[in-house]
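Source file: final_17.cif (mmCIF, C-alpha atoms and all ligand atoms)
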```
data_my_file
#
loop_
_atom_site.label_atom_id
_atom_site.label_comp_id
_atom_site.auth_asym_id
_atom_site.auth_seq_id
_atom_site.Cartn_x
_atom_site.Cartn_y
_atom_site.Cartn_z
CA MET M 245 17.97 -13.92 -39.15
CA THR M 246 20.60 -16.63 -39.65
CA ASP M 247 23.28 -15.09 -37.48
CA PHE M 248 21.07 -14.37 -34.49
CA ASP M 249 22.41 -15.73 -31.21
CA TRP M 250 19.11 -17.01 -29.86
CA ASP M 251 20.79 -18.30 -26.67
CA ASN M 252 20.72 -14.75 -25.33
CA TYR M 253 16.94 -14.40 -25.70
CA SER M 254 14.34 -15.47 -23.17
CA LEU M 255 12.25 -18.61 -23.61
CA GLU M 256 9.12 -16.65 -24.59
CA THR M 257 10.99 -14.96 -27.44
CA GLN M 258 12.77 -18.12 -28.59
CA ALA M 259 9.38 -19.89 -28.69
CA ILE M 260 8.05 -17.35 -31.17
CA ARG M 261 11.04 -16.54 -33.38
CA ALA M 262 14.01 -18.89 -33.07
CA GLY M 263 15.08 -21.31 -35.77
CA HIS M 264 13.31 -19.88 -38.82
CA ASP M 265 15.70 -18.62 -41.51
CA ARG M 266 13.50 -16.94 -44.12
CA THR M 267 13.72 -18.37 -47.64
CA HIS M 268 14.10 -16.27 -50.82
CA GLU M 269 10.29 -15.76 -50.69
CA ASP M 270 10.65 -13.52 -47.57
CA GLU M 271 7.76 -15.30 -45.82
CA HIS M 272 6.85 -14.08 -42.32
CA SER M 273 5.28 -17.33 -41.10
CA MET M 274 7.09 -20.69 -41.18
CA PRO M 275 6.15 -22.61 -44.36
CA ILE M 276 5.42 -26.36 -44.52
CA PHE M 277 7.96 -28.10 -46.74
CA THR M 278 6.11 -31.07 -48.19
CA THR M 279 8.86 -32.76 -50.15
CA SER M 280 10.19 -36.25 -49.61
CA SER M 281 13.55 -35.63 -51.28
CA TYR M 282 15.87 -32.77 -52.27
CA VAL M 283 17.78 -32.08 -55.48
CA PHE M 284 21.60 -31.95 -55.65
CA LYS M 285 23.45 -29.76 -58.13
CA THR M 286 26.02 -32.42 -58.93
CA ALA M 287 26.80 -36.05 -58.18
CA LYS M 288 29.68 -34.86 -56.02
CA GLU M 289 27.37 -32.67 -53.94
CA ALA M 290 25.06 -35.66 -53.44
CA ALA M 291 27.97 -37.79 -52.29
CA LEU M 292 29.20 -35.14 -49.83
CA ARG M 293 25.73 -34.70 -48.34
CA PHE M 294 25.20 -38.44 -47.90
CA THR M 295 28.46 -38.83 -46.03
CA GLY M 296 27.64 -35.81 -43.87
CA LYS M 297 30.75 -33.92 -45.05
CA GLU M 298 28.52 -31.13 -46.37
CA PRO M 299 25.43 -29.92 -44.51
CA GLY M 300 22.06 -29.83 -46.26
CA ASN M 301 18.84 -31.70 -46.86
CA ILE M 302 18.87 -35.26 -48.17
CA TYR M 303 15.59 -37.04 -47.58
CA SER M 304 12.66 -36.17 -45.30
CA ARG M 305 12.94 -39.30 -43.18
CA PHE M 306 15.77 -37.46 -41.40
CA THR M 307 16.09 -33.94 -42.86
CA ASN M 308 13.17 -31.56 -43.41
CA PRO M 309 13.28 -27.76 -43.04
CA THR M 310 9.95 -27.45 -41.15
CA VAL M 311 10.84 -30.27 -38.76
CA ASP M 312 14.30 -28.74 -38.36
CA VAL M 313 12.90 -25.42 -37.12
CA PHE M 314 10.81 -27.26 -34.53
CA GLN M 315 13.92 -29.15 -33.40
CA LYS M 316 16.10 -26.03 -33.14
CA ARG M 317 13.42 -24.12 -31.24
CA LEU M 318 12.68 -26.86 -28.69
CA ALA M 319 16.42 -27.47 -28.13
CA LEU M 320 16.90 -23.78 -27.27
CA MET M 321 13.87 -23.74 -24.95
CA GLU M 322 15.12 -26.83 -23.08
CA LYS M 323 18.71 -25.42 -22.96
CA GLY M 324 19.93 -28.51 -24.80
CA GLU M 325 22.50 -28.71 -27.57
CA ARG M 326 20.31 -30.62 -29.97
CA CYS M 327 16.78 -31.96 -30.44
CA LEU M 328 15.38 -34.63 -32.75
CA ALA M 329 11.66 -34.87 -33.50
CA PHE M 330 9.75 -38.16 -33.69
CA SER M 331 6.35 -39.37 -34.84
CA SER M 332 5.08 -39.72 -31.24
CA GLY M 333 6.24 -39.52 -27.65
CA MET M 334 6.49 -43.31 -27.55
CA ALA M 335 8.62 -43.27 -30.73
CA ALA M 336 10.98 -40.85 -28.93
CA ILE M 337 11.26 -43.20 -25.92
CA MET M 338 11.74 -46.17 -28.26
CA ALA M 339 14.55 -44.26 -30.02
CA VAL M 340 16.36 -43.59 -26.75
CA GLY M 341 16.23 -47.30 -25.92
CA MET M 342 17.24 -48.46 -29.40
CA GLY M 343 20.02 -45.91 -29.56
CA LEU M 344 21.54 -46.49 -26.11
CA LEU M 345 20.81 -50.07 -25.06
CA LYS M 346 22.27 -53.42 -26.03
CA SER M 347 21.45 -56.95 -24.95
CA GLY M 348 22.59 -57.54 -21.36
CA ASP M 349 22.07 -53.92 -20.29
CA HIS M 350 19.94 -52.89 -17.34
CA VAL M 351 17.54 -49.98 -16.82
CA VAL M 352 16.13 -48.49 -13.61
CA SER M 353 12.78 -46.79 -14.12
CA SER M 354 10.31 -45.05 -11.89
CA ARG M 355 7.29 -47.25 -11.25
CA SER M 356 5.09 -44.21 -11.87
CA VAL M 357 5.69 -43.65 -15.58
CA PHE M 358 3.30 -43.60 -18.53
CA GLY M 359 1.69 -47.04 -18.95
CA ASN M 360 3.11 -47.65 -22.43
CA THR M 361 6.58 -46.72 -21.20
CA VAL M 362 6.37 -49.58 -18.67
CA LEU M 363 5.25 -51.94 -21.45
CA MET M 364 8.06 -50.70 -23.74
CA PHE M 365 10.70 -51.54 -21.12
CA GLN M 366 9.14 -54.83 -20.01
CA ASN M 367 7.73 -56.36 -23.18
CA TYR M 368 9.93 -54.97 -25.96
CA PHE M 369 13.36 -54.05 -24.56
CA GLY M 370 12.90 -57.09 -22.31
CA LYS M 371 12.46 -59.30 -25.36
CA PHE M 372 15.96 -58.32 -26.51
CA GLY M 373 17.66 -59.07 -23.21
CA VAL M 374 17.43 -55.71 -21.44
CA GLU M 375 16.19 -56.00 -17.87
CA THR M 376 14.31 -53.18 -16.13
CA ASP M 377 13.79 -52.68 -12.41
CA PHE M 378 10.98 -50.38 -11.30
CA VAL M 379 11.42 -48.27 -8.15
CA ASN M 380 9.52 -45.72 -6.10
CA LEU M 381 9.92 -42.29 -7.77
CA THR M 382 10.39 -40.34 -4.55
CA ASP M 383 12.86 -42.68 -2.78
CA PRO M 384 16.48 -41.83 -3.82
CA ALA M 385 17.87 -44.74 -1.73
CA ALA M 386 15.77 -47.19 -3.76
CA TRP M 387 17.16 -45.76 -7.01
CA GLU M 388 20.72 -46.03 -5.75
CA ALA M 389 20.22 -49.59 -4.51
CA ALA M 390 18.74 -50.72 -7.86
CA ILE M 391 21.75 -49.63 -9.92
CA ARG M 392 23.99 -52.48 -11.15
CA PRO M 393 27.33 -52.40 -12.99
CA ASN M 394 25.45 -52.91 -16.29
CA THR M 395 22.82 -50.18 -15.66
CA ARG M 396 22.80 -47.84 -18.68
CA PHE M 397 20.24 -45.25 -17.57
CA LEU M 398 17.65 -44.15 -15.01
CA PHE M 399 14.26 -43.07 -16.39
CA LEU M 400 11.59 -40.95 -14.71
CA GLU M 401 8.68 -38.55 -15.09
CA THR M 402 8.25 -35.69 -12.66
CA PRO M 403 5.57 -34.79 -11.73
CA SER M 404 4.21 -38.30 -12.06
CA ASN M 405 0.87 -39.29 -13.50
CA PRO M 406 -1.75 -39.52 -12.01
CA LEU M 407 -0.61 -38.84 -8.41
CA ILE M 408 1.52 -35.77 -9.23
CA GLU M 409 4.50 -36.88 -7.11
CA ILE M 410 7.77 -34.98 -7.54
CA ALA M 411 11.30 -36.40 -7.84
CA ASP M 412 14.42 -34.39 -7.05
CA ILE M 413 16.11 -34.31 -10.47
CA GLN M 414 19.40 -32.95 -9.12
CA VAL M 415 19.73 -35.69 -6.47
CA LEU M 416 18.93 -38.46 -8.96
CA ALA M 417 21.31 -36.99 -11.57
CA ASP M 418 24.12 -37.11 -8.98
CA ILE M 419 23.26 -40.72 -8.09
CA ALA M 420 23.23 -41.70 -11.78
CA HIS M 421 26.51 -39.97 -12.63
CA LYS M 422 28.34 -41.35 -9.59
CA GLN M 423 27.62 -44.86 -10.93
CA GLY M 424 28.33 -44.03 -14.56
CA CYS M 425 24.74 -44.03 -15.82
CA LEU M 426 22.64 -41.44 -17.63
CA LEU M 427 19.48 -39.79 -16.29
CA ILE M 428 16.53 -39.51 -18.68
CA VAL M 429 13.58 -37.26 -17.78
CA ASP M 430 10.19 -37.32 -19.49
CA ASN M 431 9.31 -33.60 -19.29
CA VAL M 432 5.78 -33.83 -20.73
CA PHE M 433 3.93 -32.59 -17.63
CA CYS M 434 6.06 -29.48 -17.08
CA THR M 435 7.44 -28.55 -20.51
CA PRO M 436 10.52 -26.24 -20.50
CA VAL M 437 8.27 -23.42 -19.33
CA LEU M 438 7.96 -24.93 -15.84
CA GLN M 439 11.11 -27.05 -15.48
CA LYS M 440 14.48 -27.48 -17.24
CA PRO M 441 15.82 -30.96 -16.42
CA LEU M 442 19.12 -30.51 -18.32
CA GLU M 443 20.02 -27.51 -16.14
CA LEU M 444 19.34 -29.72 -13.11
CA GLY M 445 21.78 -32.37 -14.32
CA ALA M 446 19.67 -34.72 -16.46
CA ASP M 447 21.35 -36.01 -19.65
CA ILE M 448 18.37 -36.60 -21.92
CA ILE M 449 14.82 -35.22 -22.11
CA VAL M 450 11.99 -37.00 -23.90
CA HIS M 451 8.75 -35.30 -24.88
CA SER M 452 5.34 -36.17 -26.11
CA ALA M 453 4.55 -33.06 -28.18
CA THR M 454 0.98 -34.39 -28.31
CA LYS M 455 0.22 -32.83 -24.93
CA TYR M 456 1.03 -29.24 -23.91
CA ILE M 457 3.33 -28.48 -26.87
CA ASP M 458 0.44 -28.90 -29.30
CA GLY M 459 -1.92 -27.68 -26.61
CA GLN M 460 -5.08 -28.08 -28.64
CA GLY M 461 -5.27 -31.85 -29.07
CA ARG M 462 -4.63 -32.00 -32.82
CA CYS M 463 -1.43 -33.93 -33.60
CA VAL M 464 0.70 -36.76 -32.22
CA GLY M 465 4.47 -36.20 -31.99
CA GLY M 466 7.55 -36.52 -29.79
CA ALA M 467 11.11 -35.32 -29.29
CA VAL M 468 14.47 -36.18 -27.72
CA ILE M 469 16.79 -33.41 -26.44
CA ALA M 470 20.39 -34.09 -25.38
CA SER M 471 24.03 -33.17 -25.99
CA ASP M 472 25.30 -33.08 -29.55
CA GLU M 473 27.42 -36.13 -28.74
CA ILE M 474 24.50 -38.30 -27.56
CA ILE M 475 22.24 -37.21 -30.43
CA GLU M 476 24.90 -37.59 -33.12
CA ASN M 477 26.24 -40.97 -31.99
CA SER M 478 23.19 -42.69 -30.52
CA ILE M 479 19.85 -41.14 -31.51
CA TYR M 480 20.27 -39.66 -35.01
CA PRO M 481 21.60 -42.90 -36.57
CA TYR M 482 18.56 -44.73 -35.18
CA LEU M 483 16.10 -42.10 -36.49
CA ARG M 484 17.73 -42.21 -39.92
CA THR M 485 17.38 -46.00 -40.03
CA GLY M 486 14.31 -46.62 -37.86
CA GLY M 487 12.23 -43.94 -39.58
CA ALA M 488 9.77 -42.89 -36.85
CA THR M 489 9.85 -39.39 -38.35
CA MET M 490 7.70 -36.38 -37.47
CA SER M 491 5.71 -35.17 -40.49
CA PRO M 492 6.29 -31.58 -41.70
CA PHE M 493 2.61 -30.79 -41.17
CA ASN M 494 2.75 -31.93 -37.53
CA ALA M 495 5.98 -29.97 -36.98
CA TRP M 496 4.22 -26.88 -38.33
CA VAL M 497 1.30 -27.37 -35.91
CA PHE M 498 3.74 -27.89 -32.99
CA LEU M 499 5.65 -24.74 -33.96
CA SER M 500 2.51 -22.66 -33.54
CA GLY M 501 1.91 -24.56 -30.30
CA LEU M 502 5.34 -23.52 -29.00
CA GLU M 503 4.56 -19.86 -29.80
CA THR M 504 1.81 -19.78 -27.15
CA LEU M 505 3.24 -22.39 -24.76
CA ALA M 506 4.46 -19.97 -22.07
CA ILE M 507 1.18 -18.08 -21.71
CA ARG M 508 -0.87 -21.28 -21.94
CA MET M 509 1.19 -23.02 -19.22
CA LYS M 510 0.74 -20.05 -16.91
CA ALA M 511 -3.02 -20.08 -17.49
CA HIS M 512 -3.23 -23.88 -17.03
CA CYS M 513 -1.31 -23.61 -13.74
CA ASP M 514 -3.45 -20.72 -12.45
CA ASN M 515 -6.68 -22.61 -13.19
CA ALA M 516 -5.34 -25.89 -11.75
CA PHE M 517 -4.16 -24.25 -8.50
CA GLU M 518 -7.54 -22.56 -8.07
CA LEU M 519 -9.36 -25.84 -8.74
CA ALA M 520 -7.12 -27.80 -6.32
CA LYS M 521 -7.79 -25.30 -3.50
CA TRP M 522 -11.53 -25.45 -4.22
CA LEU M 523 -11.58 -29.27 -4.34
CA GLU M 524 -9.93 -29.38 -0.91
CA GLN M 525 -12.96 -27.53 0.48
CA GLN M 526 -15.55 -29.91 -0.97
CA ALA M 527 -17.29 -32.47 1.21
CA GLY M 528 -17.00 -35.85 -0.48
CA VAL M 529 -13.40 -35.20 -1.58
CA ALA M 530 -11.06 -37.26 0.62
CA GLN M 531 -7.68 -36.07 -0.70
CA VAL M 532 -6.36 -33.71 -3.37
CA HIS M 533 -3.01 -34.32 -5.10
CA TYR M 534 -1.49 -31.04 -6.29
CA PRO M 535 2.06 -29.84 -5.54
CA GLY M 536 0.90 -26.26 -4.99
CA LEU M 537 -0.97 -27.33 -1.85
CA VAL M 538 0.90 -27.20 1.46
CA SER M 539 -0.59 -30.66 2.14
CA HIS M 540 1.47 -32.11 -0.77
CA ALA M 541 4.42 -34.22 0.45
CA GLN M 542 6.91 -32.55 -1.92
CA HIS M 543 5.51 -29.02 -1.85
CA GLU M 544 8.89 -27.45 -0.96
CA LEU M 545 10.74 -29.43 -3.63
CA ALA M 546 8.12 -28.45 -6.23
CA LYS M 547 8.58 -24.78 -5.31
CA ARG M 548 12.33 -25.08 -5.78
CA GLN M 549 12.37 -27.22 -8.91
CA GLN M 550 9.43 -25.84 -10.92
CA ASN M 551 8.36 -22.31 -11.90
CA GLN M 552 4.72 -23.19 -11.26
CA PHE M 553 2.87 -26.30 -10.13
CA GLY M 554 1.43 -27.66 -13.38
CA GLY M 555 -1.96 -28.14 -15.00
CA VAL M 556 -2.98 -31.58 -13.72
CA VAL M 557 -4.87 -32.22 -10.49
CA SER M 558 -6.03 -35.56 -9.14
CA PHE M 559 -8.22 -36.34 -6.16
CA GLU M 560 -9.78 -39.20 -4.25
CA LEU M 561 -13.47 -39.32 -3.49
CA ALA M 562 -14.87 -40.58 -0.21
CA GLY M 563 -16.70 -43.41 -2.03
CA GLY M 564 -15.06 -46.02 -4.29
CA ARG M 565 -15.15 -46.62 -8.04
CA ASP M 566 -18.92 -46.06 -8.30
CA HIS M 567 -18.59 -42.61 -6.79
CA ALA M 568 -15.74 -41.74 -9.18
CA TRP M 569 -17.66 -42.96 -12.25
CA LYS M 570 -20.79 -41.10 -11.08
CA LEU M 571 -18.87 -37.83 -10.77
CA ILE M 572 -17.31 -38.30 -14.21
CA ASP M 573 -20.66 -39.19 -15.84
CA ALA M 574 -22.43 -36.25 -14.23
CA THR M 575 -20.23 -33.66 -15.96
CA LYS M 576 -21.82 -31.83 -18.87
CA MET M 577 -18.92 -29.81 -20.25
CA VAL M 578 -15.57 -31.39 -19.44
CA SER M 579 -14.47 -34.13 -21.83
CA ILE M 580 -14.21 -37.74 -20.68
CA THR M 581 -10.90 -38.60 -22.34
CA ALA M 582 -7.47 -39.76 -21.26
CA ASN M 583 -5.59 -37.06 -23.18
CA LEU M 584 -4.04 -34.14 -21.28
CA GLY M 585 -2.49 -30.77 -21.92
CA ASP M 586 -5.42 -29.56 -24.01
CA VAL M 587 -7.13 -26.14 -23.74
CA LYS M 588 -10.25 -28.23 -23.05
CA THR M 589 -10.54 -29.66 -19.54
CA THR M 590 -10.45 -33.45 -19.55
CA ILE M 591 -11.45 -35.93 -16.83
CA THR M 592 -10.43 -39.55 -16.49
CA HIS M 593 -10.60 -42.54 -14.12
CA PRO M 594 -6.98 -43.83 -14.11
CA ALA M 595 -7.67 -47.21 -12.46
CA THR M 596 -9.91 -48.36 -15.34
CA THR M 597 -8.34 -46.47 -18.28
CA THR M 598 -4.72 -45.26 -18.45
CA HIS M 599 -3.61 -47.64 -15.69
CA GLY M 600 -6.21 -50.37 -16.28
CA ARG M 601 -3.65 -52.74 -17.85
CA LEU M 602 -1.60 -52.83 -14.64
CA SER M 603 -2.50 -55.60 -12.20
CA SER M 604 -4.46 -54.52 -9.12
CA GLU M 605 -1.38 -55.32 -6.95
CA VAL M 606 0.83 -53.00 -8.98
CA ARG M 607 -1.86 -50.30 -8.87
CA ALA M 608 -2.02 -50.66 -5.10
CA GLN M 609 1.79 -50.49 -4.91
CA VAL M 610 1.79 -47.25 -6.92
CA GLY M 611 -1.11 -45.87 -4.86
CA ILE M 612 -3.73 -45.54 -7.61
CA LYS M 613 -7.02 -46.13 -5.84
CA ASP M 614 -10.39 -46.92 -7.45
CA SER M 615 -11.70 -43.65 -6.03
CA LEU M 616 -9.07 -41.56 -7.87
CA VAL M 617 -10.11 -39.04 -10.55
CA ARG M 618 -7.61 -37.10 -12.68
CA ILE M 619 -8.33 -33.74 -14.26
CA SER M 620 -6.18 -32.02 -16.85
CA VAL M 621 -7.34 -28.48 -16.21
CA GLY M 622 -8.04 -26.53 -19.40
CA LEU M 623 -8.38 -22.85 -20.14
CA GLU M 624 -12.15 -22.50 -19.85
CA ASN M 625 -13.37 -20.08 -17.17
CA ILE M 626 -12.56 -21.70 -13.83
CA GLU M 627 -16.07 -21.02 -12.47
CA ASP M 628 -17.58 -23.05 -15.34
CA ILE M 629 -15.22 -25.95 -14.57
CA LYS M 630 -16.22 -25.88 -10.88
CA THR M 631 -19.91 -25.74 -11.78
CA ASP M 632 -19.50 -28.78 -14.02
CA LEU M 633 -17.81 -30.81 -11.27
CA LEU M 634 -20.25 -29.69 -8.60
CA ILE M 635 -23.07 -31.66 -10.26
CA GLY M 636 -21.45 -34.97 -9.38
CA LEU M 637 -19.96 -33.82 -6.06
C1 LIG Q 1 1.39 -39.21 -23.64
C2 LIG Q 1 2.62 -39.43 -22.93
C3 LIG Q 1 3.66 -40.17 -23.52
C4 LIG Q 1 3.55 -40.82 -24.88
O1 LIG Q 1 3.37 -39.87 -25.90
P1 LIG Q 1 2.55 -40.15 -27.25
O2 LIG Q 1 2.74 -38.89 -28.02
O3 LIG Q 1 1.13 -40.42 -26.87
O4 LIG Q 1 3.18 -41.33 -27.91
C5 LIG Q 1 4.83 -40.32 -22.79
N1 LIG Q 1 4.98 -39.79 -21.56
C6 LIG Q 1 3.99 -39.07 -20.98
C7 LIG Q 1 4.21 -38.49 -19.62
C8 LIG Q 1 2.78 -38.87 -21.63
O5 LIG Q 1 1.81 -38.18 -21.02
#
```
Starting from the file, lay out its structure as structure tokens.
Ligand SMILES: *Cc1c(COP(=O)(O)O)cnc(C)c1O
Amino acid sequence: MTDFDWDNYSLETQAIRAGHDRTHEDEHSMPIFTTSSYVFKTAKEAALRFTGKEPGNIYSRFTNPTVDVFQKRLALMEKGERCLAFSSGMAAIMAVGMGLLKSGDHVVSSRSVFGNTVLMFQNYFGKFGVETDFVNLTDPAAWEAAIRPNTRFLFLETPSNPLIEIADIQVLADIAHKQGCLLIVDNVFCTPVLQKPLELGADIIVHSATKYIDGQGRCVGGAVIASDEIIENSIYPYLRTGGATMSPFNAWVFLSGLETLAIRMKAHCDNAFELAKWLEQQAGVAQVHYPGLVSHAQHELAKRQQNQFGGVVSFELAGGRDHAWKLIDATKMVSITANLGDVKTTITHPATTTHGRLSSEVRAQVGIKDSLVRISVGLENIEDIKTDLLIGL
């Protein structure tokens, strides 16, 4: 299957077959290569591999056949030239920073990004002389105004967590490129099944494979997808030296995750849309945040930019924190956990968990109220999910 041109196949087919060149054992399913090093035929071959003049495996910190198949497959699905896998989503974001930034550089980030991403920019890149400004995700003028001559990249998640706001990737890519910066998109919430940021002009995608790519809450992993030039010159050298490598076992789990990603995403979206419409009808629910609803501020943009509206719904209750906690505690089936993208429905109270480390002023600025509840809608029967929520409503 080596000479297949997988570019011409659809995402669903790539997800199942691309990247795996069968070994001399003629295996049908991708094997797990648990080896830390590889054997060279001669000293000369070893030397050529180490300098990169001859392709081939060297050492599993940066070359492993199972991890390589995962990388090739995800790169094809995202329509990127190259992908590198990492030990977690945060390790992938760390790698982008370490690979691209130097002391004195500046970053503009959406205010509504994953909590640890904010801490990475502020506490760690900040410690080495990189300044970050945080702006409102949905306000292109604010992005443009925040860019300085030393800005290296813009960073965002769309849809955002937990308010499911949508940014116009194309508009922000144009703003970034006009000023000579890169646009980085965290595509965890949509996956390539729902949205392809590189086709919309983004330069780099980061992933937490822990979420929908695994899909069953088993392993932690991450990835960076970009042009061959960016990966080769900025990200690969850092991975090789920094060593936040994805294990072959995790890559193998994520490969089987990719095989079912398209049908799972469709089912997640169908269930989430149904739940959002139902929540809107419930007394005691003040507001529902879901881009499929006409009431959503970026409903038209979401329709244009995404294939479907995603698997995460959040909503505000009429009461405050007590009401939110009561609803969460009253559930019998759904899991009280901050993870998302699982076949199991999960429920969380962002203000006191995922976003609890932000100050109350910042939470207010971002719009995360004490009455907000977030649900990552799983693949159980939708009627059972409604029944479980109805207890507390
Ligand atoms: C979970 C998550 C991350 C971090 O990924 P880990 O695999 O947990 O390190 C980054 N971005 C988003 C949007 C996430 O949901």
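Near ligand LIG 1 (chain Q), at distances of 6 Å or less and with all atoms listed in the file counted, sit the residues Ser332, Gly333, Met334, Phe358, Val432, Ser452, Thr454, Val464, Gly465 and Gly466 of chain M.
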- Message: Between M:Ser356, M:Gln526, M:Thr382, M:Thr489, which residue has the minimum interatomic distance to M:Leu602, considering only C-alpha atoms?
- Response: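 Checking each candidate against M:Leu602, we get M:Ser356 as the closest.
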Compile a residue-level contact table for stretch 450-503 of chain M against stretch 273-278 of chain M at a cut-off of 9 Å, reporting for every qualifying residue the shortest atom pair and its distance in Å to one decimal, with only C-alpha atoms counted, rows ordered by chain and ascending number, as JSON lines.
```
{"residue": "M:Ser491", "atom": "CA", "partner": "M:Thr278", "partner_atom": "CA", "distance": 8.7}
{"residue": "M:Pro492", "atom": "CA", "partner": "M:Ile276", "partner_atom": "CA", "distance": 6.0}
{"residue": "M:Phe493", "atom": "CA", "partner": "M:Ile276", "partner_atom": "CA", "distance": 6.2}
{"residue": "M:Ala495", "atom": "CA", "partner": "M:Ile276", "partner_atom": "CA", "distance": 8.4}
{"residue": "M:Trp496", "atom": "CA", "partner": "M:Ile276", "partner_atom": "CA", "distance": 6.3}
{"residue": "M:Leu499", "atom": "CA", "partner": "M:Met274", "partner_atom": "CA", "distance": 8.4}
```
Separation of atom CA of M:Ala516 and atom CA of M:Ile428, in Å?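 Atom CA of M:Ala516 sits 26.7 Å away from atom CA of M:Ile428.
Candidate residues M:Asp377, M:Glu298, M:Glu518, M:Asp430 were compared for distance to M:Val357, and the nearest is M:Asp430, using only C-alpha atoms.
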For the point (19.3, -32.4, -26.1) in file coordinates, what residues are within 12 Å, counting all atoms listed in the file? Give the answer as a PyMOL selection string? chain M and resi 315-329+340+428-429+440-443+446-451+467-476+478-480
**Q.** Å distance separating atom CA of M:Leu255 from atom CA of M:Leu505, one decimal place
**A.**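 Those two atoms sit 9.8 Å apart.
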**Message:** Could you list, as a PyMOL selection string, every residue within 9 Å of M:Phe372, counting only C-alpha atoms and ignoring same-chain residues fewer than 6 positions away?
**Reply:** chain M and resi 346-348
- Task: Please provide the set of residues having any atom within 10 Å of stretch 578-585 of chain M, restricted to all atoms listed in the file, with same-chain residues fewer than 3 positions apart removed, written as number ranges by chain.
- Result: M: 432-434, 453-461, 508-509, 512, 554-556, 572-575, 588-594, 597-598, 618-622, 624, 628-629, 632-633
- Query: Can you list, as an MDAnalysis selection string, every protein, DNA or RNA residue that comes within 10 Å of M:Val617 when you count all atoms listed in the file, leaving out same-chain residues fewer than 5 positions away?
  - Reply: chainID M and resid 406:407 532 557:561 565 567:569 571:572 591:595 612
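Ranking M:Val351, M:Ala417, M:Val374, M:Ala506 by their shortest atom-to-atom distance to M:Thr395, with all atoms listed in the file included, puts M:Val351 first.
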Shortest contact to M:Ala488, candidates M:His272, M:Tyr253, M:Lys297, M:Phe330, atoms counted only C-alpha atoms, goes to M:Phe330
| task | Please provide the set of residues having any atom within 9 Å of M:Glu388, restricted to all atoms listed in the file, with same-chain residues fewer than 4 positions apart removed, written as a count of residues only. | result | 5
Shortest contact to M:Asp251, candidates M:Ile337, M:Gly263, M:Gly564, M:Phe553, atoms counted all atoms listed in the file, goes to M:Gly263
Give the centre and edge lengths of an axis-aligned box, in Å to one decimal, that holds all listed atoms of stretch 452-465 of chain M with 6 Å on each side, as lines of an AutoDock Vina configuration file.
```
center_x = 0.0
center_y = -32.2
center_z = -28.8
size_x = 22.6
size_y = 21.1
size_z = 21.7
```
Students should find that atom CA of M:Ala339 and atom CA of M:Leu483 are spaced 7.0 Å
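Distance annotation: of M:Cys425, M:Ala411, M:Leu398, M:Leu519, the residue with the minimal separation from M:Leu623 is M:Leu519; atom set is all atoms listed in the file.
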For the interface of stretch 378-463 of chain M with stretch 603-606 of chain M (cut-off 12 Å, counting all atoms listed in the file), please tabulate each contacting residue of stretch 378-463 of chain M alongside its nearest pair of atoms and their separation in Å to one decimal, rows sorted by chain and increasing number, as CSV.
```
residue,atom,partner,partner_atom,distance
M:Phe378,CA,M:Val606,CA,10.7
M:Val379,CA,M:Val606,CA,11.6
M:Asn380,CA,M:Val606,CA,11.7
```
